2 protein chains.
Amino acid sequence: MPSYFGAIKRQRTLEMVNIGAFHHRLFSSAATNAKRNPAFSTINPDDVLHFKEILGHKNVIQDEDRLLAANVDWMRKYKGSSQLLLLPRNTEEVSKILKYCNSRCLAVVPQGGNTGLVGGSVPVYDEVIINLSTMDKIISLDKVNGILICEAGCILENLNSFLANEGYIMPLDLGAKGSCQIGGNISTNAGGLHFIRYGSLHGNILGLEVILADGTILDMLTTLRKDNTGYDLKHLFIGSEGTLGIITKIVVLTPCKLSSTNSAFLACSDYLSCQKLLAEAKQDLGEAISAFEFMDCNSVEMALTHIEGARNPLPASLYKFYVLIETTGADESYNRTKLEAFLLRSMEVGLISDGVIAQDLNQASSFWQIREGLSEATAKAGAVYKYDLSLPVDKLYSIVEEMRARLGNIAKVIGYGHLGDGNLHLNISTTHYDEKILAQIEPFVYEWTAHHRGSISAEHGLGLMKAEKIHYSKSEEAVKVMASIKKLLDPKGILNPYKVLPQSMLQS
Amino acid sequence: MPSYFGAIKRQRTLEMVNIGAFHHRLFSSAATNAKRNPAFSTINPDDVLHFKEILGHKNVIQDEDRLLAANVDWMRKYKGSSQLLLLPRNTEEVSKILKYCNSRCLAVVPQGGNTGLVGGSVPVYDEVIINLSTMDKIISLDKVNGILICEAGCILENLNSFLANEGYIMPLDLGAKGSCQIGGNISTNAGGLHFIRYGSLHGNILGLEVILADGTILDMLTTLRKDNTGYDLKHLFIGSEGTLGIITKIVVLTPCKLSSTNSAFLACSDYLSCQKLLAEAKQDLGEAISAFEFMDCNSVEMALTHIEGARNPLPASLYKFYVLIETTGADESYNRTKLEAFLLRSMEVGLISDGVIAQDLNQASSFWQIREGLSEATAKAGAVYKYDLSLPVDKLYSIVEEMRARLGNIAKVIGYGHLGDGNLHLNISTTHYDEKILAQIEPFVYEWTAHHRGSISAEHGLGLMKAEKIHYSKSEEAVKVMASIKKLLDPKGILNPYKVLPQSMLQS
């Protein structure tokens, strides 16, 4: 059978919904809590002149429409009031910008594809926006080792297309790949669909070039797989959301592209079966698993109701849970046979109640349409409170059940996500926004997560939205060390202010 | 065919040789270069009393024989003069020790299995030795996700034995596994034989508990695969060789144990073929590769000459290069067939000149005996200058050839190592130690490595041996940031002094 599945493109982001639909019902009040740091200067005409000298006139943007687009995140949930957008073309220009901003105490916000979900990539007040999109050169590929060097502004999908021709793929895949930039992916330590297969960016990023707040160019651009000479500083910048430095170049270890992909849509009668199925799949299919997603029946019902053209792959009856497994390998017939045998065994022992393997591209797409359409579905259904939690797998679904019991019939509570990574997307859908409902959800959801040693942000980061909530997932001592490192590397606090860490810990 | 190979134990460390043989010809003069920091106090009877109160009498060691053993590294290359060895039993005791030492300005050296190769785990002067060996409890294993929590003093092999019964393995394997402790492995960011398969510890370690210099307990013990809440501090402690904190507990993501292992011993006519074979193997065998080692003919000749019982698996003629491939998988006959087909194709296109797949445990052991016996062989052959370099794979063998041309017939130059990771072990064997030969090797070898953006320490760390040589592999700016982080977290510099970073940068 030819390999249809390798070419599947997920054009819709998992979390991305129609922008307009969100516009009239924003929930977040986070943006109003942070006060502008009075130590920061405001832009004056001399500053603008200076930036024009560094970057040339056309890369210093003051046009209102372009500023508006750069001031607002894609959800239209967070909106700043920056008067200046800078488009540096190379490392030296980023360095010169920061050196100047640091000397003038001008705050900046680094921006990539602006696809983040927590308000990390837009200004809160009048921070200068430094957008990396014009730094999108692929510098080199070591074809023996699959080591790619590129600039931070490269779009993830473009990197993947380039690599595909050379027999490699990027070690991460996410819905926003058509817009998101690799520098932003690394700054937010993006997770995504293939995390279960290729793991964390901390394991895949070999080197970085980073510009510190004072303009220092920190060259950590090693292409080596092993380098035990001193502290491995690059990890500080992976996931620090642009608050410690601006990433300008990247060295990434890319996995080989494999030719065969299979998708199976399965039904389980209870959550324990989902967990057991995951354990068995890891044992039997091992590293062939490239995705292991789960959805409860409320999620699937919501997708079937609101997503145009969505069909239930298992229409005979509605089950309590659904699992979407994707396997990828070099040997098509072997991998297919192996998956089929695994599913047969799982059905025999009762772990799965029903299931279907995609026979072609269309069928695989229809499976993924349900999983990927969930955000859009909840948006269409009304107002939605969204949480991105990391929890021990055995506890992961309990919060959905507890929330359901807590809210009764005032809201629909749905749970889905990356089960293989212990990452739950908890969505609470109501007809309209209501402070009373929010008060029933928060801080309960954060307290519950903290109690079970979970994370209040699995893959989205803290950004502006959850900067003041870090204590739910990190110890006081750890946050103190983070704050001391922030002060050490960015003493004036100009890099992406009001994000990631509580303001009280930085301005004291 | 039954799986014989899964049970292979490598009882000899790759780099470990008979201790006695080394004793009379030490090369290192590094220990004499660092001056004792006059800011440090010396131990007095009140200190000893205080430690006895914390730890109980029997865990405060002043016995001469036991102190001697703890003062000297296994190579007998580095020797300190500590008068006190402490054996804490839990996190709180380590915290109390450090709090006290910091207040008294008493320097300490954290010690695990003391199997390091760069003098990192023994005192330089009179530092208090804190040995973690009594903290060796396995705390828990999440059997669904393979997440192990244990104390830092657990011996690597013991962890592997425990996990094997549960269907998991540790994501690293190295010769010293019978003695080395997981805390030391993480502190030195150990690489080892399975790095090509399971990657860096930065990707496998989920959480740590670390005691800072002032006794602060830094709880980063998450069991979550995804947690994007603030800076991921644990990475600072992975590979910082005990200079930023003492690791007391560990959370590690362990891979599933697979039942089938195959080893093949192959001959290549030139280095380019070795490189191409690696690229093809990665493409064809993918993640099934669990080791990809190479040796030049001089290495193999040396092993055959000096290792008792060593036999050439390909005796027909001597080839220029040899490659040892190990594959591991869940499906025995499939994996075997796949490896055989790959080797056949590689032979047909001329990438390999000859080769043999191990038919049983004995044959596999005899292949590995050659690779693993190399350190012992060079030690038996006479004096040896050893370098552990990370280099771009295409440049990796050039340093061996250049060194050979440079030294002419005054020394035998051999090259071997973890080709799949770009890690060369360059060994220069002579009849006796000679300052003139050393002057021809150093700083040339470091300069050459730096010129090709390699690393002067791939997997051994810097320790005392190479603390002053960090600039060959790291930029001035990066070293400055490292020094500032060291001063931030350990302002009095009590943690493992004289190691990793140049003294001039810390005492200024």
# chains A, B, ... in the order shown; residues from 1 in each chain; ligands from 1
$ interface_residues --of "chain B" --to "chain A" --cutoff "6 Å" --atoms "only C-alpha atoms" --output "PyMOL selection string"
chain B and resi 144+202-203+225-231+240+279+421+455+457-459+461-462+500
$ write_last_selection --atoms "C-alpha atoms" --output "short mmCIF file (atom, residue, chain, number, x, y, z; two decimals), in the first residue's frame"
data_model
loop_
_atom_site.label_atom_id
_atom_site.label_comp_id
_atom_site.auth_asym_id
_atom_site.auth_seq_id
_atom_site.Cartn_x
_atom_site.Cartn_y
_atom_site.Cartn_z
CA VAL B 144 2.69 3.36 33.22
CA HIS B 202 19.05 17.16 29.40
CA GLY B 203 16.27 15.37 27.51
CA ARG B 225 6.99 15.49 30.90
CA LYS B 226 5.85 19.01 30.08
CA ASP B 227 6.10 21.99 32.39
CA ASN B 228 6.49 25.46 30.93
CA THR B 229 6.21 27.50 34.10
CA GLY B 230 9.27 29.73 34.31
CA TYR B 231 12.92 29.00 33.66
CA SER B 240 27.92 21.70 36.30
CA ALA B 279 24.38 8.27 7.50
CA ASP B 421 27.91 11.18 18.56
CA SER B 455 34.81 20.62 22.30
CA SER B 457 35.61 17.72 26.60
CA ALA B 458 32.87 15.71 24.95
CA GLU B 459 31.71 13.65 27.90
CA GLY B 461 33.72 17.34 31.86
CA LEU B 462 36.35 19.93 32.76
CA VAL B 500 35.16 23.84 35.82
#
$ residues_around --residues "segment 115-126 of chain A" --least-positions-apart "3" --cutoff "7 Å" --atoms "only C-alpha atoms" --output "list of chain:residue names"
A:Ala31, A:Arg36, A:Ala70, A:Asn71, A:Val72, A:Asp73, A:Trp74, A:Tyr78, A:Lys79, A:Gly80, A:Ser81, A:Ser82, A:Gln83, A:Val109, A:Pro110, A:Gln111, A:Ala176, A:Cys180, A:Glu241, A:His460, A:Gly461, A:Leu462, A:Gly463, A:Leu464, A:Met465, A:Lys499
$ write_last_selection --atoms "N, CA, C and O atoms" --output "JSON list (two decimals), in the first residue's frame"
[["chain", "number", "residue", "atom", "x", "y", "z"],
["A", 31, "ALA", "N", -4.13, 41.48, 31.61],
["A", 31, "ALA", "CA", -3.41, 42.62, 31.07],
["A", 31, "ALA", "C", -3.59, 43.87, 31.94],
["A", 31, "ALA", "O", -2.73, 44.74, 31.96],
["A", 36, "ARG", "N", 2.53, 49.72, 34.52],
["A", 36, "ARG", "CA", 3.71, 50.08, 33.73],
["A", 36, "ARG", "C", 4.87, 50.43, 34.67],
["A", 36, "ARG", "O", 4.68, 51.16, 35.64],
["A", 70, "ALA", "N", 0.79, 44.26, 15.07],
["A", 70, "ALA", "CA", 1.88, 43.75, 15.92],
["A", 70, "ALA", "C", 1.57, 43.93, 17.40],
["A", 70, "ALA", "O", 2.17, 43.27, 18.25],
["A", 71, "ASN", "N", 0.65, 44.82, 17.71],
["A", 71, "ASN", "CA", 0.29, 45.09, 19.11],
["A", 71, "ASN", "C", -0.70, 44.07, 19.69],
["A", 71, "ASN", "O", -0.88, 44.00, 20.90],
["A", 72, "VAL", "N", -1.36, 43.33, 18.80],
["A", 72, "VAL", "CA", -2.45, 42.45, 19.24],
["A", 72, "VAL", "C", -2.08, 40.99, 18.97],
["A", 72, "VAL", "O", -1.51, 40.68, 17.93],
["A", 73, "ASP", "N", -2.40, 40.11, 19.89],
["A", 73, "ASP", "CA", -2.16, 38.69, 19.64],
["A", 73, "ASP", "C", -3.27, 38.13, 18.76],
["A", 73, "ASP", "O", -4.32, 38.76, 18.56],
["A", 74, "TRP", "N", -3.05, 36.92, 18.21],
["A", 74, "TRP", "CA", -3.98, 36.37, 17.22],
["A", 74, "TRP", "C", -5.37, 36.09, 17.79],
["A", 74, "TRP", "O", -6.36, 36.06, 17.07],
["A", 78, "TYR", "N", -4.99, 40.00, 24.03],
["A", 78, "TYR", "CA", -4.00, 40.91, 24.64],
["A", 78, "TYR", "C", -3.66, 42.00, 23.65],
["A", 78, "TYR", "O", -3.44, 41.72, 22.48],
["A", 79, "LYS", "N", -3.59, 43.25, 24.14],
["A", 79, "LYS", "CA", -3.35, 44.36, 23.22],
["A", 79, "LYS", "C", -2.45, 45.38, 23.90],
["A", 79, "LYS", "O", -2.75, 45.88, 24.98],
["A", 80, "GLY", "N", -1.33, 45.69, 23.26],
["A", 80, "GLY", "CA", -0.42, 46.71, 23.75],
["A", 80, "GLY", "C", -0.59, 48.00, 22.98],
["A", 80, "GLY", "O", -1.48, 48.13, 22.13],
["A", 81, "SER", "N", 0.28, 48.97, 23.28],
["A", 81, "SER", "CA", 0.18, 50.27, 22.62],
["A", 81, "SER", "C", 1.54, 50.76, 22.15],
["A", 81, "SER", "O", 1.89, 51.92, 22.30],
["A", 82, "SER", "N", 2.32, 49.83, 21.63],
["A", 82, "SER", "CA", 3.65, 50.20, 21.14],
["A", 82, "SER", "C", 3.55, 51.16, 19.96],
["A", 82, "SER", "O", 2.67, 51.04, 19.12],
["A", 83, "GLN", "N", 4.48, 52.10, 19.92],
["A", 83, "GLN", "CA", 4.52, 53.06, 18.82],
["A", 83, "GLN", "C", 5.62, 52.72, 17.82],
["A", 83, "GLN", "O", 5.84, 53.46, 16.86],
["A", 109, "VAL", "N", 9.74, 44.07, 23.45],
["A", 109, "VAL", "CA", 9.10, 42.76, 23.40],
["A", 109, "VAL", "C", 9.58, 42.04, 22.14],
["A", 109, "VAL", "O", 9.40, 42.53, 21.03],
["A", 110, "PRO", "N", 10.24, 40.88, 22.31],
["A", 110, "PRO", "CA", 10.65, 40.11, 21.14],
["A", 110, "PRO", "C", 9.41, 39.40, 20.58],
["A", 110, "PRO", "O", 8.59, 38.92, 21.34],
["A", 111, "GLN", "N", 9.31, 39.39, 19.25],
["A", 111, "GLN", "CA", 8.12, 38.80, 18.63],
["A", 111, "GLN", "C", 8.53, 37.92, 17.45],
["A", 111, "GLN", "O", 9.36, 38.31, 16.63],
["A", 176, "ALA", "N", 0.21, 25.57, 14.55],
["A", 176, "ALA", "CA", 0.54, 26.91, 14.07],
["A", 176, "ALA", "C", 1.76, 26.92, 13.15],
["A", 176, "ALA", "O", 2.31, 27.99, 12.86],
["A", 180, "CYS", "N", 4.18, 30.12, 12.94],
["A", 180, "CYS", "CA", 5.11, 30.26, 14.07],
["A", 180, "CYS", "C", 6.55, 30.19, 13.60],
["A", 180, "CYS", "O", 6.86, 29.56, 12.61],
["A", 241, "GLU", "N", 10.80, 32.56, 27.33],
["A", 241, "GLU", "CA", 9.84, 33.48, 26.71],
["A", 241, "GLU", "C", 10.40, 34.88, 26.46],
["A", 241, "GLU", "O", 9.71, 35.89, 26.63],
["A", 460, "HIS", "N", 2.09, 25.99, 26.92],
["A", 460, "HIS", "CA", 1.80, 27.33, 26.43],
["A", 460, "HIS", "C", 2.68, 28.41, 27.04],
["A", 460, "HIS", "O", 2.76, 29.51, 26.52],
["A", 461, "GLY", "N", 3.35, 28.10, 28.14],
["A", 461, "GLY", "CA", 4.14, 29.11, 28.84],
["A", 461, "GLY", "C", 3.29, 29.92, 29.80],
["A", 461, "GLY", "O", 2.09, 29.68, 29.96],
["A", 462, "LEU", "N", 3.94, 30.88, 30.47],
["A", 462, "LEU", "CA", 3.23, 31.73, 31.43],
["A", 462, "LEU", "C", 2.85, 33.07, 30.83],
["A", 462, "LEU", "O", 1.76, 33.59, 31.07],
["A", 463, "GLY", "N", 3.76, 33.62, 30.05],
["A", 463, "GLY", "CA", 3.50, 34.90, 29.38],
["A", 463, "GLY", "C", 3.00, 35.94, 30.35],
["A", 463, "GLY", "O", 3.45, 36.03, 31.50],
["A", 464, "LEU", "N", 2.04, 36.73, 29.90],
["A", 464, "LEU", "CA", 1.41, 37.73, 30.76],
["A", 464, "LEU", "C", 0.29, 37.07, 31.58],
["A", 464, "LEU", "O", 0.10, 37.36, 32.75],
["A", 465, "MET", "N", -0.41, 36.14, 30.92],
["A", 465, "MET", "CA", -1.61, 35.53, 31.51],
["A", 465, "MET", "C", -1.36, 34.91, 32.89],
["A", 465, "MET", "O", -2.16, 35.06, 33.79],
["A", 499, "LYS", "N", 6.12, 39.72, 32.07],
["A", 499, "LYS", "CA", 5.86, 38.35, 31.66],
["A", 499, "LYS", "C", 6.61, 37.36, 32.55],
["A", 499, "LYS", "O", 7.64, 37.69, 33.12]]
$ residues_around --residues "segment 100-104 of chain B" --least-positions-apart "3" --cutoff "9 Å" --atoms "only C-alpha atoms" --output "mmCIF file with N, CA and C atoms, in the first residue's frame"
data_model
loop_
_atom_site.group_PDB
_atom_site.id
_atom_site.type_symbol
_atom_site.label_atom_id
_atom_site.label_comp_id
_atom_site.auth_asym_id
_atom_site.auth_seq_id
_atom_site.Cartn_x
_atom_site.Cartn_y
_atom_site.Cartn_z
ATOM 1 N N PHE B 40 39.041 30.471 52.417
ATOM 2 C CA PHE B 40 38.427 29.292 53.046
ATOM 3 C C PHE B 40 38.995 29.058 54.439
ATOM 4 N N SER B 41 38.096 28.677 55.369
ATOM 5 C CA SER B 41 38.528 28.295 56.711
ATOM 6 C C SER B 41 39.157 26.900 56.667
ATOM 7 N N ASP B 47 33.965 22.243 64.498
ATOM 8 C CA ASP B 47 33.292 21.864 63.248
ATOM 9 C C ASP B 47 32.948 20.378 63.279
ATOM 10 N N HIS B 50 30.136 19.638 65.497
ATOM 11 C CA HIS B 50 28.873 20.070 64.887
ATOM 12 C C HIS B 50 28.387 19.054 63.850
ATOM 13 N N PHE B 51 29.300 18.575 63.021
ATOM 14 C CA PHE B 51 28.901 17.584 61.994
ATOM 15 C C PHE B 51 28.432 16.290 62.656
ATOM 16 N N SER B 95 21.525 19.553 53.438
ATOM 17 C CA SER B 95 21.191 20.968 53.591
ATOM 18 C C SER B 95 21.869 21.567 54.828
ATOM 19 N N LYS B 96 21.788 20.823 55.946
ATOM 20 C CA LYS B 96 22.409 21.328 57.184
ATOM 21 C C LYS B 96 23.927 21.435 57.054
ATOM 22 N N ILE B 97 24.529 20.451 56.399
ATOM 23 C CA ILE B 97 25.989 20.486 56.193
ATOM 24 C C ILE B 97 26.367 21.744 55.408
ATOM 25 N N ALA B 107 35.167 24.992 52.408
ATOM 26 C CA ALA B 107 34.957 24.467 51.056
ATOM 27 C C ALA B 107 34.590 22.988 51.107
ATOM 28 N N VAL B 108 33.772 22.558 50.146
ATOM 29 C CA VAL B 108 33.345 21.151 50.101
ATOM 30 C C VAL B 108 33.550 20.582 48.697
ATOM 31 N N VAL B 128 36.106 19.640 52.549
ATOM 32 C CA VAL B 128 35.307 18.589 53.195
ATOM 33 C C VAL B 128 34.666 17.734 52.099
ATOM 34 N N ALA B 213 24.447 26.214 47.793
ATOM 35 C CA ALA B 213 25.597 26.422 48.681
ATOM 36 C C ALA B 213 25.175 26.857 50.084
ATOM 37 N N ASP B 214 24.111 27.645 50.189
ATOM 38 C CA ASP B 214 23.703 28.151 51.509
ATOM 39 C C ASP B 214 22.755 27.191 52.232
ATOM 40 N N GLY B 215 22.559 26.013 51.667
ATOM 41 C CA GLY B 215 21.706 25.018 52.304
ATOM 42 C C GLY B 215 20.261 25.031 51.820
ATOM 43 N N ASP B 490 26.630 30.715 44.435
ATOM 44 C CA ASP B 490 27.606 30.265 45.441
ATOM 45 C C ASP B 490 28.596 31.402 45.684
ATOM 46 N N LYS B 492 30.341 32.542 48.057
ATOM 47 C CA LYS B 492 31.620 32.306 48.734
ATOM 48 C C LYS B 492 32.485 31.280 48.007
ATOM 49 N N GLY B 493 31.920 30.688 46.968
ATOM 50 C CA GLY B 493 32.707 29.748 46.162
ATOM 51 C C GLY B 493 33.067 28.456 46.873
ATOM 52 N N ILE B 494 32.221 28.027 47.825
ATOM 53 C CA ILE B 494 32.598 26.842 48.621
ATOM 54 C C ILE B 494 32.374 25.517 47.891
#
$ select_by_dssp --residues "segment 273-458 of chain B" --states "helix (DSSP H, G or I)" --output "PyMOL selection string"
chain B and resi 273-284+286-288+297-306+332-348+361-372+374-381+398-410+419-421+435-441+444-451
$ atom_distance --atom1 "atom CA of Arg76 of chain B" --atom2 "atom CA of Ile410 of chain B"
26.1 Å
$ residues_around --residues "Leu148 of chain A" --least-positions-apart "3" --cutoff "8 Å" --atoms "only C-alpha atoms" --output "PDB file with C-alpha atoms, in the first residue's frame"
ATOM      1  CA  ILE A 138      18.578  28.706   6.468  1.00  0.00           C
ATOM      2  CA  ILE A 139      22.315  28.781   7.053  1.00  0.00           C
ATOM      3  CA  SER A 140      23.375  25.170   6.611  1.00  0.00           C
ATOM      4  CA  LEU A 141      22.412  21.512   6.889  1.00  0.00           C
ATOM      5  CA  ASP A 142      24.898  18.801   7.783  1.00  0.00           C
ATOM      6  CA  ILE A 250      19.543  28.052  16.157  1.00  0.00           C
ATOM      7  CA  VAL A 251      21.273  24.698  15.750  1.00  0.00           C
ATOM      8  CA  VAL A 252      18.819  21.826  15.813  1.00  0.00           C
ATOM      9  CA  LEU A 253      19.317  18.082  15.580  1.00  0.00           C
ATOM     10  CA  THR A 254      16.689  16.855  13.123  1.00  0.00           C
TER      11      THR A 254
END
$ closest_residue --among "B:Gly309, B:Gly382, B:Gly408, B:Gly350" --to "Thr431 of chain B" --atoms "only C-alpha atoms"
B:Gly382
$ residues_around --residues "Arg311 of chain A" --least-positions-apart "6" --cutoff "10 Å" --atoms "only C-alpha atoms" --output "PDB file with N, CA and C atoms, in the first residue's frame"
ATOM      1  N   VAL A 300     -15.853  14.812  21.745  1.00  0.00           N
ATOM      2  CA  VAL A 300     -16.196  14.312  20.415  1.00  0.00           C
ATOM      3  C   VAL A 300     -17.602  14.785  20.014  1.00  0.00           C
ATOM      4  N   ALA A 303     -17.307  18.316  18.865  1.00  0.00           N
ATOM      5  CA  ALA A 303     -16.721  18.422  17.526  1.00  0.00           C
ATOM      6  C   ALA A 303     -17.755  18.024  16.464  1.00  0.00           C
ATOM      7  N   LEU A 304     -18.476  16.924  16.723  1.00  0.00           N
ATOM      8  CA  LEU A 304     -19.445  16.445  15.739  1.00  0.00           C
ATOM      9  C   LEU A 304     -20.579  17.453  15.547  1.00  0.00           C
ATOM     10  N   THR A 305     -20.915  18.154  16.622  1.00  0.00           N
ATOM     11  CA  THR A 305     -22.001  19.141  16.542  1.00  0.00           C
ATOM     12  C   THR A 305     -21.586  20.404  15.790  1.00  0.00           C
ATOM     13  N   SER A 366      -9.946  12.790   8.374  1.00  0.00           N
ATOM     14  CA  SER A 366     -11.225  12.917   9.066  1.00  0.00           C
ATOM     15  C   SER A 366     -11.077  12.590  10.556  1.00  0.00           C
ATOM     16  N   PHE A 367     -10.145  11.679  10.876  1.00  0.00           N
ATOM     17  CA  PHE A 367      -9.865  11.406  12.303  1.00  0.00           C
ATOM     18  C   PHE A 367      -9.304  12.667  12.956  1.00  0.00           C
ATOM     19  N   GLN A 369      -9.411  15.656  11.974  1.00  0.00           N
ATOM     20  CA  GLN A 369     -10.312  16.810  11.948  1.00  0.00           C
ATOM     21  C   GLN A 369     -11.054  16.961  13.271  1.00  0.00           C
ATOM     22  N   ILE A 370     -11.423  15.837  13.852  1.00  0.00           N
ATOM     23  CA  ILE A 370     -12.146  15.877  15.136  1.00  0.00           C
ATOM     24  C   ILE A 370     -11.248  16.413  16.236  1.00  0.00           C
TER      25      ILE A 370
END
$ atom_distance --atom1 "atom CA of Glu376 of chain A" --atom2 "atom CA of Glu308 of chain A"
10.5 Å
$ select_by_dssp --residues "segment 46-268 of chain A" --states "strand (DSSP E or B)" --output "MDAnalysis selection string"
chainID A and resid 60:61 72 79 85:86 108:111 128:131 138:142 147:151 155 168 181 205:211 217:220 246:253 256 260:268
$ atom_distance --atom1 "atom CA of Leu55 of chain B" --atom2 "atom CA of Gly113 of chain B"
20.3 Å
$ residues_around --residues "segment 154-161 of chain A" --least-positions-apart "2" --cutoff "9 Å" --atoms "only C-alpha atoms" --output "PyMOL selection string"
chain A and resi 112-113+132-138+150-152+163-165+168-170+172-174+176-183+185
$ decode --residues "segment 134-153 of chain B" --atoms "N, CA and C atoms" --output "CSV table (one decimal), in the first residue's frame"
chain,number,residue,atom,x,y,z
B,134,THR,N,25.5,6.9,50.8
B,134,THR,CA,24.5,6.4,51.7
B,134,THR,C,23.1,6.9,51.4
B,135,MET,N,23.0,7.7,50.4
B,135,MET,CA,21.6,8.1,49.9
B,135,MET,C,21.3,7.3,48.6
B,136,ASP,N,20.9,6.1,48.8
B,136,ASP,CA,20.8,5.2,47.6
B,136,ASP,C,19.4,4.5,47.6
B,137,LYS,N,18.4,5.3,48.0
B,137,LYS,CA,17.0,4.7,48.0
B,137,LYS,C,16.3,4.9,46.6
B,138,ILE,N,15.7,3.9,46.1
B,138,ILE,CA,14.8,4.0,45.0
B,138,ILE,C,13.4,4.5,45.6
B,139,ILE,N,12.9,5.6,45.3
B,139,ILE,CA,11.7,6.2,45.9
B,139,ILE,C,10.4,5.7,45.3
B,140,SER,N,10.4,5.7,44.0
B,140,SER,CA,9.2,5.2,43.3
B,140,SER,C,9.4,5.0,41.8
B,141,LEU,N,8.5,4.2,41.2
B,141,LEU,CA,8.5,4.0,39.8
B,141,LEU,C,7.1,4.1,39.3
B,142,ASP,N,6.8,5.0,38.4
B,142,ASP,CA,5.5,5.1,37.7
B,142,ASP,C,5.6,4.1,36.6
B,143,LYS,N,4.8,2.9,36.8
B,143,LYS,CA,5.0,1.8,35.8
B,143,LYS,C,4.3,2.1,34.5
B,144,VAL,N,3.4,3.0,34.5
B,144,VAL,CA,2.7,3.4,33.2
B,144,VAL,C,3.6,4.2,32.3
B,145,ASN,N,4.3,5.1,33.0
B,145,ASN,CA,5.1,6.1,32.2
B,145,ASN,C,6.6,5.9,32.3
B,146,GLY,N,7.1,4.9,33.1
B,146,GLY,CA,8.5,4.6,33.2
B,146,GLY,C,9.2,5.8,33.9
B,147,ILE,N,8.6,6.4,34.9
B,147,ILE,CA,9.2,7.6,35.5
B,147,ILE,C,9.7,7.1,36.9
B,148,LEU,N,11.1,7.2,37.0
B,148,LEU,CA,11.7,6.7,38.2
B,148,LEU,C,12.2,7.9,39.1
B,149,ILE,N,11.9,7.8,40.4
B,149,ILE,CA,12.4,8.8,41.4
B,149,ILE,C,13.4,8.0,42.3
B,150,CYS,N,14.5,8.6,42.5
B,150,CYS,CA,15.5,7.9,43.4
B,150,CYS,C,16.4,9.0,44.0
B,151,GLU,N,17.2,8.5,45.0
B,151,GLU,CA,18.2,9.4,45.6
B,151,GLU,C,19.5,9.4,44.7
B,152,ALA,N,20.3,10.4,44.9
B,152,ALA,CA,21.4,10.7,44.1
B,152,ALA,C,22.5,9.6,44.2
B,153,GLY,N,22.6,8.9,45.3
B,153,GLY,CA,23.6,7.9,45.5
B,153,GLY,C,23.4,6.6,44.9
